[in-house]
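Please read the structure below before turning to the comments.
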Amino acid sequence: MLSGDREARDQLIRLVLSPDGEVLPDIRAKAPGRGAWIGVTRSELEAAQAKGKLKGALARAFKTNDIRIPDDLGERIATQLQRNALDRLGLESRTGAVVTGGEKLDKAARSGKLHLLLHASDASADGAGKLAQAWRVGRDAEGSGLKGLTLPIPRTILSLSLGRENVVHAGLTDARAAKRVSEALDRWLHFIGPESLSAPCETLSQGASALPHDGTPDDHDELTEGL
């Protein structure tokens, strides 16, 4: 539910008001003005919206009743979170931190250089299983259940985000890059719901929920309350 509890920024989503009073997502938390921070899943958000509770909570946070919540707010947030996560993956790819291709991934995994393993939603179980086994060998974690993370997007979208052709599996070989990607993925996957998480990723790189936090939002925007 939406609450007044303060959490680390990377666990939250910021909402802002447009000049005409429309509530909009501010995923990167860069828009000026007062904001409302929420830490809910899409289903929780839409349930609160359907019951009329969301508007009251946001009115208190924004200190005005002159707000308009779009019917597709949940979809807008999900779309922006996906774009943010895939943009981050693309940025890390351009730095050389992303490896694709079965042979290269297998080599990186077995040599212990792989910090995060990703699979497209339409990856074959056999291909994902072989890479997971190579990763466990390289991490000296055989029998641990380490599998990587299956994303809720097909290979066409994963390929497009990386600017490469036919990417079914991808891995990050830089620990800091893996952490940044994991954090962006964690926000997205948490919002769209746990049913999207079909396989766990490496404990070190699971995303924001598994990483240390620095504290609360630093622009003193209010959190929504009372839902």
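Please note that chains go A, B, ... in the order of the structure tokens, that every chain numbers its residues from 1, and that ligands are numbered from 1 in the order shown.
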
Practice item. Might you pull out every residue within 10 Å of Ala97 (chain A), with only C-alpha atoms counted and same-chain residues fewer than 5 positions away left off, and present them as an MDAnalysis selection string? Key: chainID A and resid 89:92 114 171:178

Exercise for review: For Leu15 (chain A), work out the shell of residues within 8 Å, counting only C-alpha atoms and skipping chain neighbours fewer than 4 positions away, then give it as number ranges by chain.
Suggested key: A: 23-27, 35-38

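Each of A:Leu151, A:Ser93, A:Val16, A:Gln133 was compared to Ile192 (chain A) using only C-alpha atoms, and A:Leu151 turns out to be the nearest.
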
Check your understanding: Which residue out of A:Gly193, A:Gly143, A:Gly101, A:Gly112 has the minimum interatomic distance to Gly74 (chain A) when only C-alpha atoms are used?
Key -> A:Gly193

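Picture a line from CA of Thr150 (chain A) to CA of Leu189 (chain A); it runs 10.7 Å.
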
Exercise for review: Run DSSP on the backbone of this structure and report the residues of region 7-81 of chain A it assigns to helix (DSSP H, G or I), as an NGL selection string.
Suggested key: :A and (9-11 or 42-50 or 53-62 or 73-81)

Residues from last step as file, C-alpha atoms, as a PDB file, in the first residue's frame:
ATOM      1  CA  ARG A   9      14.961   6.793  -3.038  1.00  0.00           C
ATOM      2  CA  ASP A  10      15.789   3.798  -5.227  1.00  0.00           C
ATOM      3  CA  GLN A  11      12.820   1.985  -3.660  1.00  0.00           C
ATOM      4  CA  ARG A  42       1.195  -1.358 -10.213  1.00  0.00           C
ATOM      5  CA  SER A  43      -1.669  -3.523  -8.955  1.00  0.00           C
ATOM      6  CA  GLU A  44      -1.655  -1.718  -5.601  1.00  0.00           C
ATOM      7  CA  LEU A  45      -1.592   1.665  -7.294  1.00  0.00           C
ATOM      8  CA  GLU A  46      -4.466   0.816  -9.618  1.00  0.00           C
ATOM      9  CA  ALA A  47      -6.512  -0.682  -6.786  1.00  0.00           C
ATOM     10  CA  ALA A  48      -6.099   2.516  -4.766  1.00  0.00           C
ATOM     11  CA  GLN A  49      -7.001   4.554  -7.836  1.00  0.00           C
ATOM     12  CA  ALA A  50     -10.142   2.490  -8.465  1.00  0.00           C
ATOM     13  CA  LYS A  53      -8.064   6.597  -2.296  1.00  0.00           C
ATOM     14  CA  LEU A  54      -5.168   7.600  -4.524  1.00  0.00           C
ATOM     15  CA  LYS A  55      -6.521  11.054  -5.236  1.00  0.00           C
ATOM     16  CA  GLY A  56      -6.978  11.850  -1.555  1.00  0.00           C
ATOM     17  CA  ALA A  57      -3.468  10.705  -0.681  1.00  0.00           C
ATOM     18  CA  LEU A  58      -1.916  12.686  -3.522  1.00  0.00           C
ATOM     19  CA  ALA A  59      -3.987  15.766  -2.698  1.00  0.00           C
ATOM     20  CA  ARG A  60      -2.498  15.704   0.796  1.00  0.00           C
ATOM     21  CA  ALA A  61       1.004  15.217  -0.540  1.00  0.00           C
ATOM     22  CA  PHE A  62       0.705  17.994  -3.132  1.00  0.00           C
ATOM     23  CA  LEU A  73      -1.040   6.312 -14.739  1.00  0.00           C
ATOM     24  CA  GLY A  74       0.081   2.760 -13.914  1.00  0.00           C
ATOM     25  CA  GLU A  75       0.878   2.057 -17.557  1.00  0.00           C
ATOM     26  CA  ARG A  76       2.804   5.322 -17.883  1.00  0.00           C
ATOM     27  CA  ILE A  77       4.913   4.485 -14.833  1.00  0.00           C
ATOM     28  CA  ALA A  78       5.597   0.949 -16.069  1.00  0.00           C
ATOM     29  CA  THR A  79       6.585   2.224 -19.502  1.00  0.00           C
ATOM     30  CA  GLN A  80       8.969   4.811 -18.098  1.00  0.00           C
ATOM     31  CA  LEU A  81      10.537   2.332 -15.690  1.00  0.00           C
TER      32      LEU A  81
END

Report as a PDB file with all heavy atoms, in the first residue's frame all protein, DNA and RNA residues lying within 12 Å of Leu160 (chain A), evaluated on only C-alpha atoms, omitting residues in the same chain fewer than 4 positions from it.
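Below you can see part38.pdb, which holds the result:
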ATOM      1  N   ARG A  83      11.718   1.787 -19.868  1.00  0.00           N
ATOM      2  CA  ARG A  83      12.621   2.568 -20.705  1.00  0.00           C
ATOM      3  C   ARG A  83      13.883   2.948 -19.936  1.00  0.00           C
ATOM      4  O   ARG A  83      14.998   2.876 -20.464  1.00  0.00           O
ATOM      5  CB  ARG A  83      11.920   3.829 -21.204  1.00  0.00           C
ATOM      6  CG  ARG A  83      12.777   4.677 -22.150  1.00  0.00           C
ATOM      7  CD  ARG A  83      12.059   5.922 -22.614  1.00  0.00           C
ATOM      8  NE  ARG A  83      10.814   5.599 -23.279  1.00  0.00           N
ATOM      9  CZ  ARG A  83       9.618   5.989 -22.857  1.00  0.00           C
ATOM     10  NH1 ARG A  83       9.499   6.698 -21.734  1.00  0.00           N
ATOM     11  NH2 ARG A  83       8.543   5.670 -23.537  1.00  0.00           N
ATOM     12  N   LEU A  86      16.128  -0.233 -19.573  1.00  0.00           N
ATOM     13  CA  LEU A  86      16.757  -0.635 -20.830  1.00  0.00           C
ATOM     14  C   LEU A  86      17.741   0.428 -21.326  1.00  0.00           C
ATOM     15  O   LEU A  86      18.754   0.089 -21.949  1.00  0.00           O
ATOM     16  CB  LEU A  86      15.692  -0.927 -21.879  1.00  0.00           C
ATOM     17  CG  LEU A  86      14.762  -2.105 -21.538  1.00  0.00           C
ATOM     18  CD1 LEU A  86      13.808  -2.378 -22.689  1.00  0.00           C
ATOM     19  CD2 LEU A  86      15.558  -3.360 -21.195  1.00  0.00           C
ATOM     20  N   ASP A  87      17.451   1.692 -21.043  1.00  0.00           N
ATOM     21  CA  ASP A  87      18.416   2.743 -21.376  1.00  0.00           C
ATOM     22  C   ASP A  87      19.714   2.547 -20.596  1.00  0.00           C
ATOM     23  O   ASP A  87      20.811   2.713 -21.133  1.00  0.00           O
ATOM     24  CB  ASP A  87      17.844   4.125 -21.064  1.00  0.00           C
ATOM     25  CG  ASP A  87      16.839   4.603 -22.104  1.00  0.00           C
ATOM     26  OD1 ASP A  87      16.711   3.946 -23.154  1.00  0.00           O
ATOM     27  OD2 ASP A  87      16.185   5.635 -21.857  1.00  0.00           O
ATOM     28  N   LEU A  89      20.858  -0.284 -19.423  1.00  0.00           N
ATOM     29  CA  LEU A  89      21.535  -1.447 -20.006  1.00  0.00           C
ATOM     30  C   LEU A  89      22.242  -1.058 -21.295  1.00  0.00           C
ATOM     31  O   LEU A  89      23.380  -1.475 -21.537  1.00  0.00           O
ATOM     32  CB  LEU A  89      20.513  -2.550 -20.274  1.00  0.00           C
ATOM     33  CG  LEU A  89      21.057  -3.881 -20.805  1.00  0.00           C
ATOM     34  CD1 LEU A  89      22.060  -4.499 -19.840  1.00  0.00           C
ATOM     35  CD2 LEU A  89      19.891  -4.851 -21.060  1.00  0.00           C
ATOM     36  N   GLY A  90      21.604  -0.234 -22.114  1.00  0.00           N
ATOM     37  CA  GLY A  90      22.229   0.226 -23.346  1.00  0.00           C
ATOM     38  C   GLY A  90      23.455   1.073 -23.092  1.00  0.00           C
ATOM     39  O   GLY A  90      24.467   0.941 -23.803  1.00  0.00           O
ATOM     40  N   SER A  93      26.254  -1.106 -22.143  1.00  0.00           N
ATOM     41  CA  SER A  93      26.725  -1.836 -23.319  1.00  0.00           C
ATOM     42  C   SER A  93      27.718  -1.005 -24.110  1.00  0.00           C
ATOM     43  O   SER A  93      28.735  -1.520 -24.602  1.00  0.00           O
ATOM     44  CB  SER A  93      25.535  -2.221 -24.201  1.00  0.00           C
ATOM     45  OG  SER A  93      25.964  -2.864 -25.380  1.00  0.00           O
ATOM     46  N   ALA A 120      16.260 -13.150 -22.248  1.00  0.00           N
ATOM     47  CA  ALA A 120      15.011 -12.662 -22.826  1.00  0.00           C
ATOM     48  C   ALA A 120      13.888 -13.619 -22.436  1.00  0.00           C
ATOM     49  O   ALA A 120      14.126 -14.790 -22.119  1.00  0.00           O
ATOM     50  CB  ALA A 120      15.130 -12.571 -24.348  1.00  0.00           C
ATOM     51  N   ILE A 153      10.618  -9.259 -21.369  1.00  0.00           N
ATOM     52  CA  ILE A 153      10.662  -8.709 -22.722  1.00  0.00           C
ATOM     53  C   ILE A 153      11.272  -9.762 -23.646  1.00  0.00           C
ATOM     54  O   ILE A 153      12.153 -10.521 -23.235  1.00  0.00           O
ATOM     55  CB  ILE A 153      11.489  -7.412 -22.810  1.00  0.00           C
ATOM     56  CG1 ILE A 153      12.892  -7.627 -22.239  1.00  0.00           C
ATOM     57  CG2 ILE A 153      10.778  -6.262 -22.120  1.00  0.00           C
ATOM     58  CD1 ILE A 153      13.844  -6.468 -22.473  1.00  0.00           C
ATOM     59  N   PRO A 154      10.829  -9.833 -24.894  1.00  0.00           N
ATOM     60  CA  PRO A 154      11.388 -10.805 -25.838  1.00  0.00           C
ATOM     61  C   PRO A 154      12.733 -10.350 -26.382  1.00  0.00           C
ATOM     62  O   PRO A 154      13.171  -9.215 -26.165  1.00  0.00           O
ATOM     63  CB  PRO A 154      10.331 -10.848 -26.949  1.00  0.00           C
ATOM     64  CG  PRO A 154       9.762  -9.461 -26.953  1.00  0.00           C
ATOM     65  CD  PRO A 154       9.723  -9.060 -25.498  1.00  0.00           C
ATOM     66  N   ARG A 155      13.371 -11.225 -27.138  1.00  0.00           N
ATOM     67  CA  ARG A 155      14.690 -10.930 -27.701  1.00  0.00           C
ATOM     68  C   ARG A 155      14.690  -9.720 -28.627  1.00  0.00           C
ATOM     69  O   ARG A 155      15.703  -9.023 -28.744  1.00  0.00           O
ATOM     70  CB  ARG A 155      15.223 -12.156 -28.429  1.00  0.00           C
ATOM     71  CG  ARG A 155      14.480 -12.528 -29.705  1.00  0.00           C
ATOM     72  CD  ARG A 155      14.996 -13.825 -30.296  1.00  0.00           C
ATOM     73  NE  ARG A 155      14.623 -14.969 -29.464  1.00  0.00           N
ATOM     74  CZ  ARG A 155      15.110 -16.183 -29.636  1.00  0.00           C
ATOM     75  NH1 ARG A 155      15.984 -16.432 -30.602  1.00  0.00           N
ATOM     76  NH2 ARG A 155      14.726 -17.189 -28.859  1.00  0.00           N
ATOM     77  N   THR A 156      13.569  -9.452 -29.293  1.00  0.00           N
ATOM     78  CA  THR A 156      13.527  -8.291 -30.192  1.00  0.00           C
ATOM     79  C   THR A 156      13.740  -6.991 -29.426  1.00  0.00           C
ATOM     80  O   THR A 156      14.476  -6.112 -29.879  1.00  0.00           O
ATOM     81  CB  THR A 156      12.178  -8.238 -30.928  1.00  0.00           C
ATOM     82  OG1 THR A 156      11.110  -8.329 -29.972  1.00  0.00           O
ATOM     83  CG2 THR A 156      12.056  -9.369 -31.926  1.00  0.00           C
ATOM     84  N   ARG A 164      22.048  -4.406 -30.927  1.00  0.00           N
ATOM     85  CA  ARG A 164      22.649  -5.604 -31.518  1.00  0.00           C
ATOM     86  C   ARG A 164      21.551  -6.497 -32.080  1.00  0.00           C
ATOM     87  O   ARG A 164      20.360  -6.283 -31.827  1.00  0.00           O
ATOM     88  CB  ARG A 164      23.483  -6.364 -30.480  1.00  0.00           C
ATOM     89  CG  ARG A 164      24.521  -5.502 -29.764  1.00  0.00           C
ATOM     90  CD  ARG A 164      25.358  -6.292 -28.785  1.00  0.00           C
ATOM     91  NE  ARG A 164      26.142  -5.431 -27.928  1.00  0.00           N
ATOM     92  CZ  ARG A 164      27.051  -5.857 -27.046  1.00  0.00           C
ATOM     93  NH1 ARG A 164      27.277  -7.172 -26.932  1.00  0.00           N
ATOM     94  NH2 ARG A 164      27.720  -5.010 -26.289  1.00  0.00           N
ATOM     95  N   GLU A 165      21.943  -7.498 -32.839  1.00  0.00           N
ATOM     96  CA  GLU A 165      20.969  -8.386 -33.462  1.00  0.00           C
ATOM     97  C   GLU A 165      20.811  -9.694 -32.688  1.00  0.00           C
ATOM     98  O   GLU A 165      21.788 -10.267 -32.218  1.00  0.00           O
ATOM     99  CB  GLU A 165      21.384  -8.698 -34.905  1.00  0.00           C
ATOM    100  CG  GLU A 165      21.363  -7.482 -35.832  1.00  0.00           C
ATOM    101  CD  GLU A 165      21.675  -7.853 -37.272  1.00  0.00           C
ATOM    102  OE1 GLU A 165      21.942  -9.046 -37.537  1.00  0.00           O
ATOM    103  OE2 GLU A 165      21.654  -6.946 -38.118  1.00  0.00           O
ATOM    104  N   ASN A 166      19.564 -10.126 -32.555  1.00  0.00           N
ATOM    105  CA  ASN A 166      19.224 -11.425 -31.993  1.00  0.00           C
ATOM    106  C   ASN A 166      19.896 -11.707 -30.648  1.00  0.00           C
ATOM    107  O   ASN A 166      20.560 -12.727 -30.457  1.00  0.00           O
ATOM    108  CB  ASN A 166      19.573 -12.540 -32.987  1.00  0.00           C
ATOM    109  CG  ASN A 166      18.886 -13.848 -32.630  1.00  0.00           C
ATOM    110  OD1 ASN A 166      17.779 -13.854 -32.114  1.00  0.00           O
ATOM    111  ND2 ASN A 166      19.565 -14.961 -32.895  1.00  0.00           N
ATOM    112  N   VAL A 167      19.709 -10.798 -29.701  1.00  0.00           N
ATOM    113  CA  VAL A 167      20.255 -10.993 -28.355  1.00  0.00           C
ATOM    114  C   VAL A 167      19.244 -11.768 -27.515  1.00  0.00           C
ATOM    115  O   VAL A 167      18.163 -11.266 -27.213  1.00  0.00           O
ATOM    116  CB  VAL A 167      20.582  -9.652 -27.679  1.00  0.00           C
ATOM    117  CG1 VAL A 167      21.112  -9.900 -26.264  1.00  0.00           C
ATOM    118  CG2 VAL A 167      21.592  -8.867 -28.502  1.00  0.00           C
ATOM    119  N   VAL A 168      19.596 -12.976 -27.151  1.00  0.00           N
ATOM    120  CA  VAL A 168      18.735 -13.823 -26.334  1.00  0.00           C
ATOM    121  C   VAL A 168      19.202 -13.829 -24.883  1.00  0.00           C
ATOM    122  O   VAL A 168      18.394 -13.889 -23.957  1.00  0.00           O
ATOM    123  CB  VAL A 168      18.728 -15.266 -26.881  1.00  0.00           C
ATOM    124  CG1 VAL A 168      17.765 -16.132 -26.078  1.00  0.00           C
ATOM    125  CG2 VAL A 168      18.354 -15.272 -28.352  1.00  0.00           C
TER     126      VAL A 168
END

Practice item. Would you mind writing down, as a list in words, each residue of region 8-200 of chain A that DSSP on the backbone assigns to strand (DSSP E)? Key: Ile13, Arg14, Leu15, Val16, Leu17, Val23, Leu24, Pro25, Gly35, Ala36, Trp37, Ile38, Val98, Val99, Thr100, Leu116, Leu117, Leu118, His119, Leu149, Thr150, His169, Ala170, Gly171 and Leu172 of chain A

Print the selection's residues with N, CA and C atoms to a file, as a PDB file, in the first residue's frame.
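The file below, out.pdb, is the result:
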ATOM      1  N   ILE A  13       9.053   5.757  -6.327  1.00  0.00           N
ATOM      2  CA  ILE A  13       8.766   6.402  -7.608  1.00  0.00           C
ATOM      3  C   ILE A  13       8.212   7.788  -7.305  1.00  0.00           C
ATOM      4  N   ARG A  14       8.742   8.788  -7.980  1.00  0.00           N
ATOM      5  CA  ARG A  14       8.302  10.164  -7.748  1.00  0.00           C
ATOM      6  C   ARG A  14       7.217  10.553  -8.751  1.00  0.00           C
ATOM      7  N   LEU A  15       6.166  11.170  -8.229  1.00  0.00           N
ATOM      8  CA  LEU A  15       5.103  11.726  -9.049  1.00  0.00           C
ATOM      9  C   LEU A  15       5.139  13.244  -8.922  1.00  0.00           C
ATOM     10  N   VAL A  16       4.826  13.936  -9.989  1.00  0.00           N
ATOM     11  CA  VAL A  16       4.813  15.403  -9.980  1.00  0.00           C
ATOM     12  C   VAL A  16       3.532  15.892 -10.644  1.00  0.00           C
ATOM     13  N   LEU A  17       3.262  17.191 -10.493  1.00  0.00           N
ATOM     14  CA  LEU A  17       2.111  17.812 -11.131  1.00  0.00           C
ATOM     15  C   LEU A  17       2.553  18.616 -12.336  1.00  0.00           C
ATOM     16  N   VAL A  23      -1.257  14.552 -12.809  1.00  0.00           N
ATOM     17  CA  VAL A  23      -0.240  13.779 -12.093  1.00  0.00           C
ATOM     18  C   VAL A  23       0.568  12.981 -13.110  1.00  0.00           C
ATOM     19  N   LEU A  24       1.895  13.147 -13.066  1.00  0.00           N
ATOM     20  CA  LEU A  24       2.773  12.498 -14.031  1.00  0.00           C
ATOM     21  C   LEU A  24       3.920  11.798 -13.311  1.00  0.00           C
ATOM     22  N   PRO A  25       4.397  10.686 -13.847  1.00  0.00           N
ATOM     23  CA  PRO A  25       5.576  10.037 -13.252  1.00  0.00           C
ATOM     24  C   PRO A  25       6.853  10.807 -13.573  1.00  0.00           C
ATOM     25  N   GLY A  35       6.886  17.089  -5.114  1.00  0.00           N
ATOM     26  CA  GLY A  35       6.614  15.754  -5.617  1.00  0.00           C
ATOM     27  C   GLY A  35       6.024  14.864  -4.543  1.00  0.00           C
ATOM     28  N   ALA A  36       5.484  13.741  -4.958  1.00  0.00           N
ATOM     29  CA  ALA A  36       4.974  12.730  -4.038  1.00  0.00           C
ATOM     30  C   ALA A  36       5.679  11.423  -4.343  1.00  0.00           C
ATOM     31  N   TRP A  37       6.270  10.824  -3.324  1.00  0.00           N
ATOM     32  CA  TRP A  37       7.020   9.577  -3.511  1.00  0.00           C
ATOM     33  C   TRP A  37       6.144   8.393  -3.121  1.00  0.00           C
ATOM     34  N   ILE A  38       6.064   7.390  -3.993  1.00  0.00           N
ATOM     35  CA  ILE A  38       5.268   6.206  -3.699  1.00  0.00           C
ATOM     36  C   ILE A  38       6.145   4.967  -3.819  1.00  0.00           C
ATOM     37  N   VAL A  98      28.917  -5.096 -21.384  1.00  0.00           N
ATOM     38  CA  VAL A  98      27.907  -6.109 -21.683  1.00  0.00           C
ATOM     39  C   VAL A  98      28.439  -7.111 -22.704  1.00  0.00           C
ATOM     40  N   VAL A  99      28.266  -8.379 -22.406  1.00  0.00           N
ATOM     41  CA  VAL A  99      28.692  -9.457 -23.296  1.00  0.00           C
ATOM     42  C   VAL A  99      27.449 -10.183 -23.803  1.00  0.00           C
ATOM     43  N   THR A 100      27.418 -10.482 -25.093  1.00  0.00           N
ATOM     44  CA  THR A 100      26.327 -11.273 -25.674  1.00  0.00           C
ATOM     45  C   THR A 100      26.938 -12.390 -26.522  1.00  0.00           C
ATOM     46  N   LEU A 116      26.370 -10.403 -13.725  1.00  0.00           N
ATOM     47  CA  LEU A 116      24.922 -10.398 -13.884  1.00  0.00           C
ATOM     48  C   LEU A 116      24.579 -11.102 -15.188  1.00  0.00           C
ATOM     49  N   LEU A 117      23.623 -12.022 -15.136  1.00  0.00           N
ATOM     50  CA  LEU A 117      23.208 -12.782 -16.310  1.00  0.00           C
ATOM     51  C   LEU A 117      21.732 -12.518 -16.575  1.00  0.00           C
ATOM     52  N   LEU A 118      21.407 -12.127 -17.810  1.00  0.00           N
ATOM     53  CA  LEU A 118      20.043 -11.789 -18.196  1.00  0.00           C
ATOM     54  C   LEU A 118      19.589 -12.668 -19.353  1.00  0.00           C
ATOM     55  N   HIS A 119      18.295 -13.028 -19.338  1.00  0.00           N
ATOM     56  CA  HIS A 119      17.716 -13.812 -20.417  1.00  0.00           C
ATOM     57  C   HIS A 119      16.475 -13.108 -20.943  1.00  0.00           C
ATOM     58  N   LEU A 149      18.555 -13.719 -14.422  1.00  0.00           N
ATOM     59  CA  LEU A 149      17.251 -13.069 -14.381  1.00  0.00           C
ATOM     60  C   LEU A 149      16.594 -13.109 -15.754  1.00  0.00           C
ATOM     61  N   THR A 150      15.389 -13.655 -15.812  1.00  0.00           N
ATOM     62  CA  THR A 150      14.616 -13.659 -17.050  1.00  0.00           C
ATOM     63  C   THR A 150      13.775 -12.397 -17.094  1.00  0.00           C
ATOM     64  N   HIS A 169      20.512 -13.766 -24.691  1.00  0.00           N
ATOM     65  CA  HIS A 169      21.119 -13.735 -23.365  1.00  0.00           C
ATOM     66  C   HIS A 169      22.147 -12.607 -23.344  1.00  0.00           C
ATOM     67  N   ALA A 170      22.331 -11.983 -22.190  1.00  0.00           N
ATOM     68  CA  ALA A 170      23.335 -10.933 -22.043  1.00  0.00           C
ATOM     69  C   ALA A 170      23.919 -11.006 -20.639  1.00  0.00           C
ATOM     70  N   GLY A 171      25.164 -10.595 -20.508  1.00  0.00           N
ATOM     71  CA  GLY A 171      25.804 -10.605 -19.201  1.00  0.00           C
ATOM     72  C   GLY A 171      26.651  -9.369 -19.003  1.00  0.00           C
ATOM     73  N   LEU A 172      26.806  -8.967 -17.768  1.00  0.00           N
ATOM     74  CA  LEU A 172      27.648  -7.811 -17.444  1.00  0.00           C
ATOM     75  C   LEU A 172      28.906  -8.287 -16.742  1.00  0.00           C
TER      76      LEU A 172
END

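Of the residues under consideration (A:Gly129, A:Gly138, A:Gly21, A:Gly39), A:Gly21 shows the shortest atom-to-atom contact distance to Asn65 (chain A) when counting only C-alpha atoms.
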
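We find CA of Gly145 (chain A) and CA of Lys130 (chain A) to be spaced 12.6 Å apart.
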